[in-house]
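A.B. asks: There's a structure below that I have some questions on.
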Amino acid sequence: MQIHVNSFGVYLHVKDQMFELRKKLEDGKIETNQYAATKVTHIIMTTGTMLSTDAIKLAMMHNVDIVFLEQNGTPIGRVWHSKLGSTTKIRKSQLEVSMNAEGLRWVKEWLTTKLENQLNFVKDLKKHRPQHADFLNDKITRIEAMVISIGSQQAEKTSEVADTLRGLEGTAGRLYFETLSYVLPEDYQFKGRSSRPANDCFNAMLNYGYGVLYSKIEKALIIAGVDPYLGFLHRDDYNQLSMVYDFIEPYRIYVDETVFRLFSGKKVNKAHSDTHTKGVSLNSEGKKLLIDALNKFMDDDTIRHSGKNHTRSNAIQFDAHKFANAMLGV
């Protein structure tokens, strides 16, 4: 279970050794909800909310991850248990692999999986939209060409072909999001990806959803003992979670599908976002709509992954451990 605290003024504290959320309603009454610490895996706090030190202590006792987000979903920071279970050997190997051909193999695998997920999603959309077959077939063919080009890149290390890989990924992404917009009802269509700021509600939901996914990826890597800052493709700029940005690529589809289903199902309306001079952002109603749908998609529904049934959250953790074991040569 995840506790999402995203309404201004909501206070999370401890009562009877349980997490309790307190919210003051418009009529002055106090609404409370309690959650057993043993059932909570994440506490996600957005700006404008409050957290007691007792709640932090209870979270640490039960290895509950606390994540702090901006209102737009961008991670600010986090608190987790001091016993991370990581090993120095994993991180040493990770550094070595980042500078050789094995690192490039991982990058190509992550990007290929990302594009194949996008292709499968578009092909699934095509099944129910025969009137768009010509448009979708064109996009499918062009994205497939990007997959082949990524797979054909050869070098001694990733840095030698990094710009080419990013260019291919970017082109595929442009084609993919053009496709999603094209098949949406006209009122929901958008003009490409926009991150900071979002130019429309669809992108605002993507941005917030990716922010939540970033925190999931970071925690999965840390639990597995992988250094989230030591990436293979993304640049190691100051305080940049380069490995998180690398490792997230195959799983962005989870957010894409969730957001697309909300819009194609006409569950999103103008009441879910606010328009500012700098762009569009989700309000508390929009965040709740997205988080509820994303939690169900990630933690309730199951998929077949590596020969077993997993929730999507568990699949991410499984893959993080698999990557860590590969760094150890297991």
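Starting from 1 in every chain, residues are counted up; chains themselves are A, B, ... following the order of the structure tokens, and ligands are numbered from 1 as listed.
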Can you tell me, as a PyMOL selection string, which residues in segment 11-161 of chain A count as alpha helix (DSSP H) by DSSP?
C.D. replies: chain A and resi 53-61+88-97+101-127+133-151
A.B. asks: Per residue of segment 209-317 of chain A within 12 Å of segment 43-63 of chain A, record the nearest atom pair and its distance in Å to one decimal, counting only C-alpha atoms, with rows in chain order and ascending residue number, as a tab-separated table.
C.D. replies:
residue	atom	partner	partner_atom	distance
A:Gly211	CA	A:Ile44	CA	10.9
A:Val212	CA	A:Ile44	CA	8.5
A:Leu213	CA	A:Ile44	CA	11.6
A:Ser215	CA	A:Ile44	CA	9.2
A:Lys216	CA	A:Ile44	CA	10.6
A:Lys219	CA	A:Asn63	CA	11.3
A:Ile223	CA	A:Asn63	CA	10.7
A:Asn283	CA	A:Thr46	CA	11.5
A:Ser284	CA	A:Thr46	CA	10.2
A:Lys287	CA	A:Thr46	CA	10.4
A:Ile291	CA	A:Ile44	CA	10.6
A.B. asks: Rank A:Ile303, A:Ala271, A:Val14, A:Val244 by their smallest atom-to-atom distance to Val226 of chain A, using only C-alpha atoms, and report the top residue only.
C.D. replies: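 Using only C-alpha atoms, Val226 of chain A sits closest to A:Val244.
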A.B. asks: I need the residue nearest Asn199 of chain A from this list: A:Gly231, A:Gly77, A:Gly279, A:Gly28. Use only C-alpha atoms for the distance.
C.D. replies: A:Gly279
A.B. asks: In terms of the shortest atom-to-atom distance over only C-alpha atoms, which of A:Gly209, A:Gly9, A:Gly225, A:Pro197 is closest to Gln317 of chain A?
C.D. replies: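 Checking each candidate against Gln317 of chain A, we get A:Gly225 as the closest.
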A.B. asks: For segment 100-114 of chain A, work out the shell of residues within 7 Å, counting only C-alpha atoms and skipping chain neighbours fewer than 2 positions away, then give it as a PyMOL selection string.
C.D. replies: chain A and resi 96-98+116-118+147+150-151+155-158+232-233+247+249-250
A.B. asks: Selected residues, C-alpha atoms, written as a PDB file, in the first residue's frame, please.
C.D. replies:
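The resulting file, again27.pdb, is shown below:
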ATOM      1  CA  GLU A  96      33.721  -0.680 -14.757  1.00  0.00           C
ATOM      2  CA  VAL A  97      30.775  -1.712 -16.949  1.00  0.00           C
ATOM      3  CA  SER A  98      29.834   1.929 -17.540  1.00  0.00           C
ATOM      4  CA  GLU A 116       9.276  -2.451 -28.454  1.00  0.00           C
ATOM      5  CA  ASN A 117       6.842  -1.623 -25.637  1.00  0.00           C
ATOM      6  CA  GLN A 118       5.787   1.476 -27.554  1.00  0.00           C
ATOM      7  CA  VAL A 147      14.791  -0.325 -33.173  1.00  0.00           C
ATOM      8  CA  ILE A 150      19.711   1.057 -32.103  1.00  0.00           C
ATOM      9  CA  GLY A 151      20.545  -2.640 -32.225  1.00  0.00           C
ATOM     10  CA  ALA A 155      31.435   0.654 -30.079  1.00  0.00           C
ATOM     11  CA  GLU A 156      33.963   0.019 -27.337  1.00  0.00           C
ATOM     12  CA  LYS A 157      31.866   2.069 -24.897  1.00  0.00           C
ATOM     13  CA  THR A 158      28.527   3.849 -24.772  1.00  0.00           C
ATOM     14  CA  PHE A 232      25.659   4.327 -18.629  1.00  0.00           C
ATOM     15  CA  LEU A 233      23.880   6.586 -21.140  1.00  0.00           C
ATOM     16  CA  PHE A 247      16.880   2.107 -15.983  1.00  0.00           C
ATOM     17  CA  GLU A 249      13.197   3.567 -19.962  1.00  0.00           C
ATOM     18  CA  PRO A 250      11.528   0.116 -20.353  1.00  0.00           C
TER      19      PRO A 250
END
A.B. asks: May I ask which of the residues A:Ser7, A:Thr258, A:Ser152, A:Asn325 is the closest one to Arg91 of chain A, counting only C-alpha atoms?
C.D. replies: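 Closest candidate: A:Asn325.
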A.B. asks: Go ahead and compute the interatomic distance for atom CA of Leu12 of chain A and atom CA of Lys29 of chain A, in Å to one decimal.
C.D. replies: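 Separation of atom CA of Leu12 of chain A and atom CA of Lys29 of chain A: 16.5 Å.
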A.B. asks: Can you tell me which residues surround Arg142 of chain A at a distance of at most 10 Å, considering only C-alpha atoms, apart from same-chain residues fewer than 3 positions away, and format the answer as JSON, numbers by chain?
C.D. replies: {"A": [136, 137, 138, 139, 145, 146, 147, 171, 172, 175, 176]}
A.B. asks: What lies within 6 Å of Ser242 of chain A using only C-alpha atoms, ignoring chain neighbours under 5 positions off, as a list in words?
C.D. replies: Tyr229, Leu230, Gly231, His234 and Asp236 of chain A
A.B. asks: Those residues you just picked out, can you put them in a file as a PDB file, in the first residue's frame with N, CA and C atoms?
C.D. replies:
ATOM      1  N   TYR A 229      23.173   6.912  -9.109  1.00  0.00           N
ATOM      2  CA  TYR A 229      23.828   8.061  -9.744  1.00  0.00           C
ATOM      3  C   TYR A 229      24.793   7.667 -10.859  1.00  0.00           C
ATOM      4  N   LEU A 230      25.150   6.397 -10.936  1.00  0.00           N
ATOM      5  CA  LEU A 230      26.198   5.974 -11.863  1.00  0.00           C
ATOM      6  C   LEU A 230      25.563   5.333 -13.099  1.00  0.00           C
ATOM      7  N   GLY A 231      25.235   6.180 -14.100  1.00  0.00           N
ATOM      8  CA  GLY A 231      24.554   5.697 -15.286  1.00  0.00           C
ATOM      9  C   GLY A 231      25.485   5.320 -16.412  1.00  0.00           C
ATOM     10  N   HIS A 234      22.968   8.322 -19.716  1.00  0.00           N
ATOM     11  CA  HIS A 234      22.774   9.707 -19.311  1.00  0.00           C
ATOM     12  C   HIS A 234      24.029  10.247 -18.635  1.00  0.00           C
ATOM     13  N   ASP A 236      26.739  12.041 -16.264  1.00  0.00           N
ATOM     14  CA  ASP A 236      26.901  12.073 -14.811  1.00  0.00           C
ATOM     15  C   ASP A 236      27.086  13.515 -14.339  1.00  0.00           C
TER      16      ASP A 236
END
A.B. asks: One number please: atom CA of Leu165 of chain A to atom CA of Ala315 of chain A, in Å, one decimal.
C.D. replies: 25.4 Å
A.B. asks: Out of A:Asn207, A:Phe135, A:Tyr35, A:Tyr214, which residue has the shortest atom-to-atom distance to Thr179 of chain A when counting only C-alpha atoms?
C.D. replies: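 Going through A:Asn207, A:Phe135, A:Tyr35, A:Tyr214 one by one, the smallest distance to Thr179 of chain A is for A:Phe135.
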A.B. asks: As a list in words, please: every residue in segment 34-146 of chain A that DSSP puts in strand (DSSP E or B).
C.D. replies: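 Filtering segment 34-146 of chain A to strand (DSSP E or B) leaves Gln34, Tyr35, Ala36, His42, Ile43, Ile44, Met45, Thr46, Met50, Leu51, Asp65, Ile66, Val67, Phe68, Leu69, Pro75, Ile76, Gly77, Arg78 and Val79 of chain A.
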